[in-house]
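The structure file input.pdb is reproduced below (PDB, C-alpha atoms).
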ATOM      1  CA  MET A 151      25.572 102.505-148.054
ATOM      2  CA  GLU A 152      28.250 103.695-150.447
ATOM      3  CA  LYS A 153      30.901 102.433-148.098
ATOM      4  CA  LYS A 154      29.291  99.008-148.099
ATOM      5  CA  LEU A 155      29.086  98.986-151.881
ATOM      6  CA  TYR A 156      32.687 100.030-152.113
ATOM      7  CA  ASP A 157      33.814  97.246-149.764
ATOM      8  CA  LYS A 158      31.880  94.738-151.834
ATOM      9  CA  LEU A 159      33.509  95.976-155.040
ATOM     10  CA  VAL A 160      36.953  95.774-153.473
ATOM     11  CA  VAL A 161      36.392  92.195-152.377
ATOM     12  CA  ASN A 162      35.169  91.244-155.831
ATOM     13  CA  HIS A 163      38.132  92.746-157.610
ATOM     14  CA  LYS A 164      40.865  91.597-155.276
ATOM     15  CA  PRO A 165      43.104  89.141-157.126
ATOM     16  CA  LYS A 166      42.345  85.713-155.754
ATOM     17  CA  GLU A 167      45.440  84.043-154.372
ATOM     18  CA  LYS A 168      45.491  80.338-154.883
ATOM     19  CA  ARG A 169      46.958  79.537-151.506
ATOM     20  CA  GLY A 170      46.759  75.770-151.799
ATOM     21  CA  GLN A 171      48.442  75.772-155.187
ATOM     22  CA  ASN A 172      51.148  78.209-154.033
ATOM     23  CA  ALA A 173      51.885  76.055-151.011
ATOM     24  CA  PHE A 174      52.077  72.889-153.120
ATOM     25  CA  ILE A 175      54.439  74.470-155.670
ATOM     26  CA  ALA A 176      56.640  75.819-152.875
ATOM     27  CA  PHE A 177      56.757  72.362-151.291
ATOM     28  CA  VAL A 178      57.720  70.589-154.512
ATOM     29  CA  VAL A 179      60.273  73.157-155.686
ATOM     30  CA  GLY A 180      61.830  73.516-152.227
ATOM     31  CA  GLY A 181      62.014  69.745-151.919
ATOM     32  CA  LEU A 182      63.663  69.470-155.333
ATOM     33  CA  MET A 183      66.280  72.008-154.245
ATOM     34  CA  GLY A 184      67.031  69.751-151.274
ATOM     35  CA  VAL A 185      67.378  66.740-153.567
ATOM     36  CA  ILE A 186      69.665  68.679-155.934
ATOM     37  CA  GLY A 187      71.771  69.648-152.926
ATOM     38  CA  GLN A 188      72.070  66.028-151.835
ATOM     39  CA  LEU A 189      72.921  64.933-155.412
ATOM     40  CA  LEU A 190      75.655  67.584-155.629
ATOM     41  CA  VAL A 191      77.112  66.585-152.252
ATOM     42  CA  GLU A 192      77.347  62.953-153.372
ATOM     43  CA  PHE A 193      78.694  63.951-156.769
ATOM     44  CA  TYR A 194      81.494  66.046-155.248
ATOM     45  CA  SER A 195      82.388  63.537-152.553
ATOM     46  CA  TYR A 196      82.481  60.709-155.114
ATOM     47  CA  TYR A 197      84.290  62.330-158.047
ATOM     48  CA  LEU A 198      86.525  64.781-156.197
ATOM     49  CA  GLY A 199      87.059  62.594-153.149
ATOM     50  CA  LEU A 200      86.074  65.342-150.713
ATOM     51  CA  SER A 201      84.886  64.848-147.152
ATOM     52  CA  SER A 202      81.162  65.400-146.718
ATOM     53  CA  SER A 203      81.641  68.787-145.009
ATOM     54  CA  ASP A 204      83.890  70.039-147.830
ATOM     55  CA  ALA A 205      81.484  68.650-150.404
ATOM     56  CA  SER A 206      78.603  70.554-148.798
ATOM     57  CA  VAL A 207      80.623  73.791-149.058
ATOM     58  CA  PHE A 208      81.103  73.064-152.781
ATOM     59  CA  MET A 209      77.393  72.333-153.065
ATOM     60  CA  ILE A 210      76.416  75.674-151.473
ATOM     61  CA  ILE A 211      78.827  77.544-153.770
ATOM     62  CA  THR A 212      77.461  75.725-156.830
ATOM     63  CA  LEU A 213      73.858  76.639-155.954
ATOM     64  CA  ILE A 214      74.862  80.263-155.308
ATOM     65  CA  PHE A 215      76.758  80.395-158.613
ATOM     66  CA  PHE A 216      73.844  79.156-160.682
ATOM     67  CA  ALA A 217      71.284  81.280-158.832
ATOM     68  CA  SER A 218      73.434  84.380-159.476
ATOM     69  CA  LEU A 219      74.029  83.443-163.116
ATOM     70  CA  PHE A 220      70.348  82.744-163.837
ATOM     71  CA  THR A 221      69.362  85.974-162.086
ATOM     72  CA  ALA A 222      71.851  87.904-164.224
ATOM     73  CA  LEU A 223      70.554  86.201-167.385
ATOM     74  CA  GLY A 224      67.082  87.398-166.452
ATOM     75  CA  PHE A 225      64.903  84.312-166.123
ATOM     76  CA  PHE A 226      65.390  83.527-162.446
ATOM     77  CA  ASP A 227      62.967  86.329-161.512
ATOM     78  CA  LYS A 228      60.194  84.489-163.354
ATOM     79  CA  TRP A 229      61.069  81.265-161.548
ATOM     80  CA  VAL A 230      60.967  83.051-158.179
ATOM     81  CA  LYS A 231      57.608  84.599-159.053
ATOM     82  CA  PHE A 232      56.309  81.130-159.866
ATOM     83  CA  ALA A 233      57.760  79.111-156.990
ATOM     84  CA  ARG A 234      57.895  81.904-154.373
ATOM     85  CA  CYS A 235      59.198  80.442-151.126
ATOM     86  CA  GLY A 236      60.332  77.286-152.918
ATOM     87  CA  LEU A 237      63.256  79.326-154.239
ATOM     88  CA  ILE A 238      63.412  82.125-151.646
ATOM     89  CA  ILE A 239      63.956  79.882-148.625
ATOM     90  CA  PRO A 240      66.787  77.772-150.107
ATOM     91  CA  ILE A 241      70.188  79.502-150.318
ATOM     92  CA  THR A 242      69.303  80.446-153.921
ATOM     93  CA  GLY A 243      67.079  83.234-152.558
ATOM     94  CA  PHE A 244      70.054  84.786-150.787
ATOM     95  CA  ALA A 245      72.111  84.832-153.988
ATOM     96  CA  HIS A 246      69.123  85.994-156.037
ATOM     97  CA  SER A 247      68.470  88.988-153.777
ATOM     98  CA  MET A 248      72.112  90.067-153.874
ATOM     99  CA  THR A 249      72.584  89.694-157.623
ATOM    100  CA  SER A 250      69.298  91.371-158.525
ATOM    101  CA  ALA A 251      70.067  94.295-156.181
ATOM    102  CA  ALA A 252      73.584  94.587-157.625
ATOM    103  CA  ILE A 253      72.339  94.674-161.231
ATOM    104  CA  GLU A 254      69.395  96.928-160.392
ATOM    105  CA  TYR A 255      71.424  99.635-158.630
ATOM    106  CA  LYS A 256      74.500  99.522-160.859
ATOM    107  CA  ARG A 257      73.209 102.485-162.869
ATOM    108  CA  GLU A 258      73.384 104.689-159.757
ATOM    109  CA  GLY A 259      77.137 104.237-159.581
ATOM    110  CA  PHE A 260      79.485 101.593-158.303
ATOM    111  CA  VAL A 261      79.880 102.956-154.764
ATOM    112  CA  THR A 262      76.695 104.857-153.964
ATOM    113  CA  GLY A 263      74.505 102.508-156.002
ATOM    114  CA  LEU A 264      75.855  98.982-156.182
ATOM    115  CA  GLY A 265      77.979  99.081-153.056
ATOM    116  CA  ALA A 266      75.389 100.713-150.832
ATOM    117  CA  ASN A 267      72.371  98.717-151.976
ATOM    118  CA  MET A 268      73.713  95.229-152.583
ATOM    119  CA  PHE A 269      72.969  94.115-149.017
ATOM    120  CA  LYS A 270      69.521  95.652-148.827
ATOM    121  CA  LEU A 271      67.815  92.264-148.554
ATOM    122  CA  ALA A 272      70.709  89.978-147.685
ATOM    123  CA  GLY A 273      71.800  92.356-144.940
ATOM    124  CA  THR A 274      68.844  91.528-142.713
ATOM    125  CA  VAL A 275      69.632  87.837-142.979
ATOM    126  CA  ILE A 276      73.260  88.386-141.972
ATOM    127  CA  LEU A 277      72.328  90.888-139.234
ATOM    128  CA  TYR A 278      69.751  88.708-137.483
ATOM    129  CA  GLY A 279      71.827  85.585-138.080
ATOM    130  CA  VAL A 280      74.872  87.074-136.356
ATOM    131  CA  VAL A 281      72.893  88.656-133.498
ATOM    132  CA  SER A 282      70.972  85.454-132.795
ATOM    133  CA  ALA A 283      74.116  83.313-133.124
ATOM    134  CA  TYR A 284      75.828  85.544-130.559
ATOM    135  CA  ILE A 285      72.940  85.522-128.078
ATOM    136  CA  PHE A 286      72.114  81.823-128.430
ATOM    137  CA  GLY A 287      75.826  81.011-128.366
ATOM    138  CA  PHE A 288      76.162  82.771-125.005
ATOM    139  CA  ILE A 289      73.091  80.981-123.666
ATOM    140  CA  ARG A 290      74.492  77.650-124.802
ATOM    141  CA  LEU A 291      77.909  78.342-123.278
ATOM    142  CA  ILE A 292      76.351  79.374-119.959
ATOM    143  CA  ILE A 293      73.981  76.382-119.809
ATOM    144  CA  MET A 294      76.320  73.660-121.056
ATOM    145  CA  GLY A 295      79.679  75.228-120.207
ATOM    146  CA  GLY A 296      81.513  74.819-123.512
ATOM    147  CA  ALA A 297      80.523  73.201-126.774
TER     148      ALA A 297
ATOM    149  CA  MET B 193      66.277  57.032-148.655
ATOM    150  CA  ILE B 194      68.272  60.137-147.800
ATOM    151  CA  TYR B 195      66.920  61.736-150.982
ATOM    152  CA  ILE B 196      63.366  61.314-149.732
ATOM    153  CA  TYR B 197      64.262  62.836-146.374
ATOM    154  CA  SER B 198      66.051  65.698-148.137
ATOM    155  CA  PHE B 199      63.019  66.300-150.312
ATOM    156  CA  LEU B 200      60.617  66.207-147.382
ATOM    157  CA  PHE B 201      62.628  68.454-145.065
ATOM    158  CA  ALA B 202      63.495  71.149-147.624
ATOM    159  CA  GLY B 203      59.947  70.942-148.998
ATOM    160  CA  VAL B 204      58.263  71.276-145.609
ATOM    161  CA  VAL B 205      60.444  74.273-144.648
ATOM    162  CA  SER B 206      59.511  75.993-147.944
ATOM    163  CA  LEU B 207      55.865  75.036-147.430
ATOM    164  CA  ILE B 208      55.754  76.603-143.949
ATOM    165  CA  ALA B 209      57.382  79.760-145.331
ATOM    166  CA  GLN B 210      54.858  79.921-148.182
ATOM    167  CA  LEU B 211      51.940  79.504-145.762
ATOM    168  CA  ILE B 212      53.284  82.355-143.602
ATOM    169  CA  LEU B 213      53.792  84.515-146.705
ATOM    170  CA  ASP B 214      50.259  83.926-148.007
ATOM    171  CA  ASN B 215      48.377  84.199-144.716
ATOM    172  CA  THR B 216      50.115  87.132-143.025
ATOM    173  CA  LYS B 217      51.412  90.526-144.095
ATOM    174  CA  LEU B 218      55.050  89.543-143.558
ATOM    175  CA  THR B 219      57.419  90.036-146.499
ATOM    176  CA  PRO B 220      60.000  87.472-147.713
ATOM    177  CA  GLY B 221      62.606  89.538-145.852
ATOM    178  CA  HIS B 222      60.794  89.000-142.545
ATOM    179  CA  ILE B 223      60.420  85.293-143.200
ATOM    180  CA  THR B 224      64.049  84.648-144.153
ATOM    181  CA  SER B 225      65.234  86.584-141.069
ATOM    182  CA  MET B 226      62.842  84.594-138.900
ATOM    183  CA  PHE B 227      64.017  81.286-140.334
ATOM    184  CA  VAL B 228      67.663  82.196-139.766
ATOM    185  CA  ILE B 229      66.871  82.921-136.107
ATOM    186  CA  ILE B 230      64.965  79.622-135.807
ATOM    187  CA  GLY B 231      67.890  77.725-137.354
ATOM    188  CA  SER B 232      70.318  79.247-134.907
ATOM    189  CA  ALA B 233      67.960  78.643-131.946
ATOM    190  CA  LEU B 234      67.651  74.968-132.887
ATOM    191  CA  ASP B 235      71.397  74.603-132.467
ATOM    192  CA  ILE B 236      71.368  75.520-128.749
ATOM    193  CA  PHE B 237      70.735  71.879-127.889
ATOM    194  CA  ASN B 238      72.265  70.396-131.068
ATOM    195  CA  ILE B 239      68.846  69.724-132.572
ATOM    196  CA  TYR B 240      69.835  71.030-135.992
ATOM    197  CA  ASP B 241      72.963  68.865-135.995
ATOM    198  CA  LEU B 242      70.742  65.849-135.464
ATOM    199  CA  ILE B 243      68.527  66.929-138.348
ATOM    200  CA  VAL B 244      71.560  67.370-140.639
ATOM    201  CA  ALA B 245      72.847  63.926-139.643
ATOM    202  CA  HIS B 246      69.553  62.300-140.652
ATOM    203  CA  VAL B 247      68.398  64.466-143.542
ATOM    204  CA  GLY B 248      71.710  65.235-145.242
ATOM    205  CA  ALA B 249      71.952  68.125-147.676
ATOM    206  CA  GLY B 250      68.209  68.720-147.549
ATOM    207  CA  ALA B 251      68.848  70.445-144.220
ATOM    208  CA  LEU B 252      71.821  72.424-145.561
ATOM    209  CA  VAL B 253      70.004  74.028-148.487
ATOM    210  CA  PRO B 254      67.245  76.043-146.696
ATOM    211  CA  ILE B 255      68.207  79.366-145.120
ATOM    212  CA  THR B 256      67.757  77.874-141.624
ATOM    213  CA  SER B 257      71.136  76.187-142.095
ATOM    214  CA  PHE B 258      72.702  79.650-142.423
ATOM    215  CA  GLY B 259      71.792  80.432-138.808
ATOM    216  CA  HIS B 260      72.894  76.975-137.765
ATOM    217  CA  LEU B 261      76.294  77.368-139.429
ATOM    218  CA  LEU B 262      76.802  80.818-137.878
ATOM    219  CA  ILE B 263      76.281  79.620-134.307
ATOM    220  CA  HIS B 264      78.072  76.329-134.974
ATOM    221  CA  GLY B 265      81.255  78.060-136.128
ATOM    222  CA  GLY B 266      81.128  80.303-133.059
ATOM    223  CA  LEU B 267      80.668  77.375-130.683
ATOM    224  CA  VAL B 268      83.474  75.336-132.229
ATOM    225  CA  ARG B 269      85.862  78.247-131.776
ATOM    226  CA  ALA B 270      84.499  78.968-128.282
ATOM    227  CA  SER B 271      85.343  75.419-127.210
ATOM    228  CA  GLU B 272      88.975  76.165-128.028
ATOM    229  CA  VAL B 273      89.473  79.684-126.631
ATOM    230  CA  GLY B 274      86.448  80.448-124.439
ATOM    231  CA  PHE B 275      83.784  83.126-124.813
ATOM    232  CA  ILE B 276      85.814  85.315-127.189
ATOM    233  CA  GLY B 277      85.702  82.409-129.653
ATOM    234  CA  LEU B 278      82.083  83.264-130.386
ATOM    235  CA  ALA B 279      83.197  86.510-131.986
ATOM    236  CA  MET B 280      86.103  84.838-133.771
ATOM    237  CA  GLY B 281      84.260  81.899-135.230
ATOM    238  CA  VAL B 282      80.793  83.114-136.168
ATOM    239  CA  PHE B 283      81.695  83.518-139.843
ATOM    240  CA  ASP B 284      84.036  80.513-140.051
ATOM    241  CA  LEU B 285      81.609  78.124-141.744
ATOM    242  CA  THR B 286      79.484  80.608-143.686
ATOM    243  CA  ALA B 287      82.451  82.575-145.044
ATOM    244  CA  SER B 288      82.513  80.511-148.249
ATOM    245  CA  GLY B 289      78.835  81.137-148.972
ATOM    246  CA  ILE B 290      78.871  84.860-148.194
ATOM    247  CA  THR B 291      82.134  85.453-150.054
ATOM    248  CA  SER B 292      81.021  83.634-153.180
ATOM    249  CA  ALA B 293      77.589  85.299-153.131
ATOM    250  CA  ILE B 294      79.232  88.742-152.962
ATOM    251  CA  PHE B 295      81.811  87.834-155.603
ATOM    252  CA  PHE B 296      79.407  86.326-158.136
ATOM    253  CA  ALA B 297      76.870  89.133-157.611
ATOM    254  CA  PHE B 298      79.560  91.715-158.338
ATOM    255  CA  ILE B 299      81.073  89.918-161.330
ATOM    256  CA  PHE B 300      77.705  89.237-162.976
ATOM    257  CA  SER B 301      76.534  92.802-162.341
ATOM    258  CA  LEU B 302      79.521  93.995-164.383
ATOM    259  CA  PHE B 303      78.469  92.046-167.453
ATOM    260  CA  PHE B 304      74.686  92.105-167.390
ATOM    261  CA  LYS B 305      72.118  94.891-167.590
ATOM    262  CA  PRO B 306      68.715  94.911-165.850
ATOM    263  CA  LYS B 307      66.126  93.295-168.104
ATOM    264  CA  ASP B 308      63.137  95.607-167.666
TER     265      ASP B 308
END
Just dump the structure as structure tokens.
Amino acid sequence: MEKKLYDKLVVNHKPKEKRGQNAFIAFVVGGLMGVIGQLLVEFYSYYLGLSSSDASVFMIITLIFFASLFTALGFFDKWVKFARCGLIIPITGFAHSMTSAAIEYKREGFVTGLGANMFKLAGTVILYGVVSAYIFGFIRLIIMGGA
Amino acid sequence: MIYIYSFLFAGVVSLIAQLILDNTKLTPGHITSMFVIIGSALDIFNIYDLIVAHVGAGALVPITSFGHLLIHGGLVRASEVGFIGLAMGVFDLTASGITSAIFFAFIFSLFFKPKD
């Protein structure tokens, strides 16, 4: 009986996640990041006369720069809390995780703190990216015999 | 038109990630790793290249493009020098992003303190 009551209380007091609203915000914010990326690519290729592949490198660096800067200034965390995957999935999430880890662990020293912890979140992305690129690259080379 | 495609693609990728985050116990770390693997898997048969050609930068902004760029750099190099090219070229295209992320994170951490 008490167990039942307890379960009921837990269900009542669990914070209700607004899943539909979260998903909608993530969709809109993520989409806007894509549009900003496209705007930047066209801006760089038009005003600096870069090829589209060079312009996309500039675009990625620009997004990383502003994500790092806003994280360091302190208000990007609030944005990430609001938009969740809308800002985590674009490349801004990568920069955000690195900068916030770097600032967070700086107090523990530059080598044992900052250096050792900076890749805590970004490291998994690089690790699984490289491993999968290697494996899938081999598969592709075996199947198609060269790129 | 390419802006609409960019919006839709980047939005849908974020939407899928948000649905996974809300409905399972996976953390953002799991989801970003998963998406990187998906992006690199989609490049086995050049599917991601097709998406980039049609969607533009909307396909380059989500983290899936990170996996795509990793395998793409490896394959480009492998077409020149054979299998060893995979090891030589994996970071070719993502080097700019990783380098600048490390650099900016370090520089900003020198000047700013944690807020809370």
### Query
If we count only C-alpha atoms, which residues of chain A reach to within 7 Å of chain B? Please list them as a PyMOL selection string.
chain A and resi 169+173+176-178+180-182+184-185+187-188+210-211+214-215+218-219+222+224+235-236+239-241+245+248-249+252-254+271+274-275+278-280+282-284+286-287+290+296-297
### Message
Excluding Val230 of chain A and its own-chain neighbours fewer than 6 positions away, which residues fall within 10 Å of it when counting only C-alpha atoms? Please give them as a list in words.
### Response
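Selected residues are Ala176, Thr221, Gly236, Leu237, Ile238, Thr242, Gly243 and His246 of chain A.
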Store the residues picked out above in a file with C-alpha atoms, as a PDB file, in the frame of the given file.
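Produced file result-v8.pdb, reproduced below:
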ATOM      1  CA  ALA A 176      56.640  75.819-152.875  1.00  0.00           C
ATOM      2  CA  THR A 221      69.362  85.974-162.086  1.00  0.00           C
ATOM      3  CA  GLY A 236      60.332  77.286-152.918  1.00  0.00           C
ATOM      4  CA  LEU A 237      63.256  79.326-154.239  1.00  0.00           C
ATOM      5  CA  ILE A 238      63.412  82.125-151.646  1.00  0.00           C
ATOM      6  CA  THR A 242      69.303  80.446-153.921  1.00  0.00           C
ATOM      7  CA  GLY A 243      67.079  83.234-152.558  1.00  0.00           C
ATOM      8  CA  HIS A 246      69.123  85.994-156.037  1.00  0.00           C
TER       9      HIS A 246
END
Using the file's own x, y and z axes, so that the box edges lie along x, y and z, what centre and edge lengths in Å (one decimal) does a box around every listed atom of segment 288-304 of chain B get when 8 Å is added on each side? Give it as AutoDock Vina command-line options.
--center_x 78.6 --center_y 87.3 --center_z -157.8 --size_x 23.8 --size_y 29.5 --size_z 35.3
### Message
Just the number, please: distance in Å from atom CA of Ser203 of chain A to atom CA of Ile243 of chain B, one decimal.
### Response
14.8 Å
### Query
So what do you get for atom CA of Lys270 of chain A versus atom CA of Val207 of chain A, distance-wise?
24.5 Å
### Query
Hey, can you check how far atom CA of Phe216 of chain A sits from atom CA of Ser250 of chain A?
13.2 Å
With the input short on atoms, add N, CA and C atoms back to segment 155-184 of chain A and write it as a PDB file, in the coordinates of the input.
ATOM      1  N   LEU A 155      28.968  99.327-150.466  1.00  0.00           N
ATOM      2  CA  LEU A 155      29.086  98.986-151.881  1.00  0.00           C
ATOM      3  C   LEU A 155      30.553  98.937-152.290  1.00  0.00           C
ATOM      4  N   TYR A 156      31.261  99.942-151.780  1.00  0.00           N
ATOM      5  CA  TYR A 156      32.687 100.030-152.113  1.00  0.00           C
ATOM      6  C   TYR A 156      33.435  98.802-151.609  1.00  0.00           C
ATOM      7  N   ASP A 157      33.154  98.424-150.339  1.00  0.00           N
ATOM      8  CA  ASP A 157      33.814  97.246-149.764  1.00  0.00           C
ATOM      9  C   ASP A 157      33.536  96.000-150.600  1.00  0.00           C
ATOM     10  N   LYS A 158      32.259  95.896-151.048  1.00  0.00           N
ATOM     11  CA  LYS A 158      31.880  94.738-151.834  1.00  0.00           C
ATOM     12  C   LYS A 158      32.662  94.709-153.154  1.00  0.00           C
ATOM     13  N   LEU A 159      32.775  95.890-153.781  1.00  0.00           N
ATOM     14  CA  LEU A 159      33.509  95.976-155.040  1.00  0.00           C
ATOM     15  C   LEU A 159      34.973  95.576-154.841  1.00  0.00           C
ATOM     16  N   VAL A 160      35.547  96.074-153.727  1.00  0.00           N
ATOM     17  CA  VAL A 160      36.953  95.774-153.473  1.00  0.00           C
ATOM     18  C   VAL A 160      37.164  94.274-153.335  1.00  0.00           C
ATOM     19  N   VAL A 161      36.258  93.642-152.579  1.00  0.00           N
ATOM     20  CA  VAL A 161      36.392  92.195-152.377  1.00  0.00           C
ATOM     21  C   VAL A 161      36.287  91.467-153.704  1.00  0.00           C
ATOM     22  N   ASN A 162      35.359  91.923-154.556  1.00  0.00           N
ATOM     23  CA  ASN A 162      35.169  91.244-155.831  1.00  0.00           C
ATOM     24  C   ASN A 162      36.385  91.364-156.749  1.00  0.00           C
ATOM     25  N   HIS A 163      37.045  92.517-156.663  1.00  0.00           N
ATOM     26  CA  HIS A 163      38.132  92.746-157.610  1.00  0.00           C
ATOM     27  C   HIS A 163      39.508  92.408-157.086  1.00  0.00           C
ATOM     28  N   LYS A 164      39.576  92.017-155.825  1.00  0.00           N
ATOM     29  CA  LYS A 164      40.865  91.597-155.276  1.00  0.00           C
ATOM     30  C   LYS A 164      41.344  90.364-156.027  1.00  0.00           C
ATOM     31  N   PRO A 165      42.619  90.354-156.456  1.00  0.00           N
ATOM     32  CA  PRO A 165      43.104  89.141-157.126  1.00  0.00           C
ATOM     33  C   PRO A 165      43.057  87.961-156.162  1.00  0.00           C
ATOM     34  N   LYS A 166      42.463  86.877-156.638  1.00  0.00           N
ATOM     35  CA  LYS A 166      42.345  85.713-155.754  1.00  0.00           C
ATOM     36  C   LYS A 166      43.673  84.963-155.712  1.00  0.00           C
ATOM     37  N   GLU A 167      44.208  84.818-154.515  1.00  0.00           N
ATOM     38  CA  GLU A 167      45.440  84.043-154.372  1.00  0.00           C
ATOM     39  C   GLU A 167      45.081  82.583-154.197  1.00  0.00           C
ATOM     40  N   LYS A 168      45.738  81.781-155.032  1.00  0.00           N
ATOM     41  CA  LYS A 168      45.491  80.338-154.883  1.00  0.00           C
ATOM     42  C   LYS A 168      46.459  79.808-153.844  1.00  0.00           C
ATOM     43  N   ARG A 169      46.033  79.858-152.592  1.00  0.00           N
ATOM     44  CA  ARG A 169      46.958  79.537-151.506  1.00  0.00           C
ATOM     45  C   ARG A 169      47.393  78.084-151.527  1.00  0.00           C
ATOM     46  N   GLY A 170      46.415  77.195-151.785  1.00  0.00           N
ATOM     47  CA  GLY A 170      46.759  75.770-151.799  1.00  0.00           C
ATOM     48  C   GLY A 170      47.778  75.465-152.883  1.00  0.00           C
ATOM     49  N   GLN A 171      47.545  76.032-154.065  1.00  0.00           N
ATOM     50  CA  GLN A 171      48.442  75.772-155.187  1.00  0.00           C
ATOM     51  C   GLN A 171      49.827  76.354-154.911  1.00  0.00           C
ATOM     52  N   ASN A 172      49.867  77.593-154.377  1.00  0.00           N
ATOM     53  CA  ASN A 172      51.148  78.209-154.033  1.00  0.00           C
ATOM     54  C   ASN A 172      51.934  77.341-153.065  1.00  0.00           C
ATOM     55  N   ALA A 173      51.219  76.861-152.034  1.00  0.00           N
ATOM     56  CA  ALA A 173      51.885  76.055-151.011  1.00  0.00           C
ATOM     57  C   ALA A 173      52.428  74.764-151.613  1.00  0.00           C
ATOM     58  N   PHE A 174      51.638  74.146-152.505  1.00  0.00           N
ATOM     59  CA  PHE A 174      52.077  72.889-153.120  1.00  0.00           C
ATOM     60  C   PHE A 174      53.317  73.112-153.986  1.00  0.00           C
ATOM     61  N   ILE A 175      53.289  74.184-154.804  1.00  0.00           N
ATOM     62  CA  ILE A 175      54.439  74.470-155.670  1.00  0.00           C
ATOM     63  C   ILE A 175      55.683  74.741-154.830  1.00  0.00           C
ATOM     64  N   ALA A 176      55.500  75.523-153.739  1.00  0.00           N
ATOM     65  CA  ALA A 176      56.640  75.819-152.875  1.00  0.00           C
ATOM     66  C   ALA A 176      57.203  74.540-152.277  1.00  0.00           C
ATOM     67  N   PHE A 177      56.315  73.636-151.879  1.00  0.00           N
ATOM     68  CA  PHE A 177      56.757  72.362-151.291  1.00  0.00           C
ATOM     69  C   PHE A 177      57.571  71.553-152.294  1.00  0.00           C
ATOM     70  N   VAL A 178      57.038  71.422-153.513  1.00  0.00           N
ATOM     71  CA  VAL A 178      57.720  70.589-154.512  1.00  0.00           C
ATOM     72  C   VAL A 178      59.049  71.204-154.925  1.00  0.00           C
ATOM     73  N   VAL A 179      59.040  72.517-155.219  1.00  0.00           N
ATOM     74  CA  VAL A 179      60.273  73.157-155.686  1.00  0.00           C
ATOM     75  C   VAL A 179      61.324  73.166-154.576  1.00  0.00           C
ATOM     76  N   GLY A 180      60.890  73.531-153.343  1.00  0.00           N
ATOM     77  CA  GLY A 180      61.830  73.516-152.227  1.00  0.00           C
ATOM     78  C   GLY A 180      62.404  72.137-151.991  1.00  0.00           C
ATOM     79  N   GLY A 181      61.538  71.118-152.079  1.00  0.00           N
ATOM     80  CA  GLY A 181      62.014  69.745-151.919  1.00  0.00           C
ATOM     81  C   GLY A 181      63.014  69.365-152.987  1.00  0.00           C
ATOM     82  N   LEU A 182      62.728  69.773-154.247  1.00  0.00           N
ATOM     83  CA  LEU A 182      63.663  69.470-155.333  1.00  0.00           C
ATOM     84  C   LEU A 182      65.014  70.129-155.100  1.00  0.00           C
ATOM     85  N   MET A 183      65.006  71.350-154.540  1.00  0.00           N
ATOM     86  CA  MET A 183      66.280  72.008-154.245  1.00  0.00           C
ATOM     87  C   MET A 183      67.071  71.173-153.239  1.00  0.00           C
ATOM     88  N   GLY A 184      66.363  70.620-152.242  1.00  0.00           N
ATOM     89  CA  GLY A 184      67.031  69.751-151.274  1.00  0.00           C
ATOM     90  C   GLY A 184      67.630  68.526-151.935  1.00  0.00           C
TER      91      GLY A 184
END
